[in-house]
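Student: Next up is a structure, given as structure tokens.
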Amino acid sequence: MAAVSITGNAIAIDSHLSMHDFEILKRFKIIIRPPRAPNIWEVLWQPPPGTWTNLNYDGASLSSGVSACGVISKDNQGSFLGAIASPLVHSNSLIVELSGAIFAVEFAHERNWNFVWLELDSKAVVRAFSPPYSVPWLIRNRWLDCINFVSKMNFCCFSYL
């Protein structure tokens with residue numbers, strides 16, 4: 001018991017325990033270290049100027065391959081205009097973020113919005129909107145379609161991180 005207790009307390013890993021694991025470690029008098037809190041950034045929404053439509057999107061990808069993205073749109077008064085969400089078959093986080101931008105631009109294009117203010121949390125995606133439009137080959141054709149749509153809009157894209 002003493003050897004297990006000493007060894008367990010010498011290991012510096014965060015715990016993500018079930019109740020059963022928790023009970024076992026407590027019996028061995030092992031100190032349980034809770035996981036670190038995530039970094040939290042305060043982001044305040046600012047309405048777009050004049051007749052611009054604001055689109056916020058985000059993509060997420062898990063190591064299991066499950067991924068999705070979502071888009072929400074508001075006008076310059078903060079009124080809700082619409083939203084979409086979609087599962088994706090990609091597991092690479094960059095492709096998921098780029099796919100989210102594509103969905104957002106397609107969403108705006110389908111509604112004939114000509115003044116589009118796109119906000120996101122990926123500086124890599126912001127850079128991808130500038131020539132030479134370097135994106136993974138897997139989504140290159142859709143990305144070039146997206147760039148074509150953007151070229152016909154008054155378009156602003158920036159990362160709030």
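How things are named: the first chain in the structure tokens is A, the next is B, and so on; residues count from 1 in each chain; ligands count from 1 in the order shown.
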Please list as a VMD selection string every residue within 12 Å of Ser122 (chain A), counting only C-alpha atoms and excluding residues in the same chain fewer than 4 positions away.
Tutor: chain A and resid 56 to 60 93 to 101 118 126 to 129 157 to 161
Student: Looking only at alpha helix (DSSP H) from DSSP on the backbone, list the matching residues of region 31-110 of chain A as number ranges by chain.
Tutor: A: 93-110
Student: Taking the chain letters and numbering used in this document, name the residues of region 3-94 of chain A that DSSP puts in strand (DSSP E), as a PyMOL selection string.
Tutor: chain A and resi 53-61+67-74+80-88
Student: For a quick check of understanding, using only C-alpha atoms, which of A:Asn92, A:Ser79, A:Gln46, A:Thr7 has the smallest distance to Ser64 (chain A)?
Tutor: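 When distances to Ser64 (chain A) are compared using only C-alpha atoms, the smallest one comes from A:Asn92.
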Student: Restricting the calculation to only C-alpha atoms, which member of A:Ser73, A:Ser5, A:Ser86, A:Asn154 is positioned closest to Asn54 (chain A)?
Tutor: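 Nearest candidate to Asn54 (chain A) out of A:Ser73, A:Ser5, A:Ser86, A:Asn154: A:Ser73.
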Student: Quick one: everything within 8 Å of Lys152 (chain A), counting only C-alpha atoms, minus sequence neighbours fewer than 3 positions away in the same chain. Send it as a compact mmCIF listing (two decimals) with all heavy atoms, in the first residue's frame.
Tutor:
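Contents of result-v4.txt, freshly written:
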# COMPACT_ATOMS: atom_id res chain seq x y z
N ASN A 114 -24.49 41.07 -50.32
CA ASN A 114 -23.35 41.65 -51.02
C ASN A 114 -22.35 42.33 -50.11
O ASN A 114 -21.26 42.68 -50.54
CB ASN A 114 -23.84 42.64 -52.08
CG ASN A 114 -24.61 41.93 -53.17
OD1 ASN A 114 -24.18 40.89 -53.65
ND2 ASN A 114 -25.76 42.47 -53.53
N ASN A 148 -14.31 32.86 -55.70
CA ASN A 148 -15.08 33.46 -56.79
C ASN A 148 -16.29 34.21 -56.24
O ASN A 148 -16.58 35.33 -56.65
CB ASN A 148 -15.49 32.38 -57.79
CG ASN A 148 -16.22 32.97 -58.98
OD1 ASN A 148 -15.83 34.01 -59.51
ND2 ASN A 148 -17.29 32.31 -59.39
N PHE A 149 -17.02 33.60 -55.31
CA PHE A 149 -18.17 34.26 -54.69
C PHE A 149 -17.74 35.54 -53.97
O PHE A 149 -18.38 36.59 -54.08
CB PHE A 149 -18.88 33.34 -53.69
CG PHE A 149 -19.53 32.13 -54.29
CD1 PHE A 149 -19.64 30.96 -53.55
CD2 PHE A 149 -20.03 32.13 -55.58
CE1 PHE A 149 -20.24 29.83 -54.08
CE2 PHE A 149 -20.63 31.01 -56.13
CZ PHE A 149 -20.74 29.85 -55.37
Student: How many Å lie between CA of Gly50 (chain A) and CA of Ala85 (chain A), rounded to one decimal?
Tutor: 26.7 Å
Student: Which of these, A:Phe155, A:Arg111, A:Ile102, A:Leu120, has the shortest distance to Arg142 (chain A) once you count only C-alpha atoms?
Tutor: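 Closest to Arg142 (chain A), using only C-alpha atoms: A:Ile102.
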Student: Which neighbours of Thr53 (chain A) fall inside 8 Å, counting only C-alpha atoms, when residues of the same chain fewer than 6 positions from it are skipped, and could you give them as an NGL selection string?
Tutor: :A and (73-76 or 113 or 115-117)
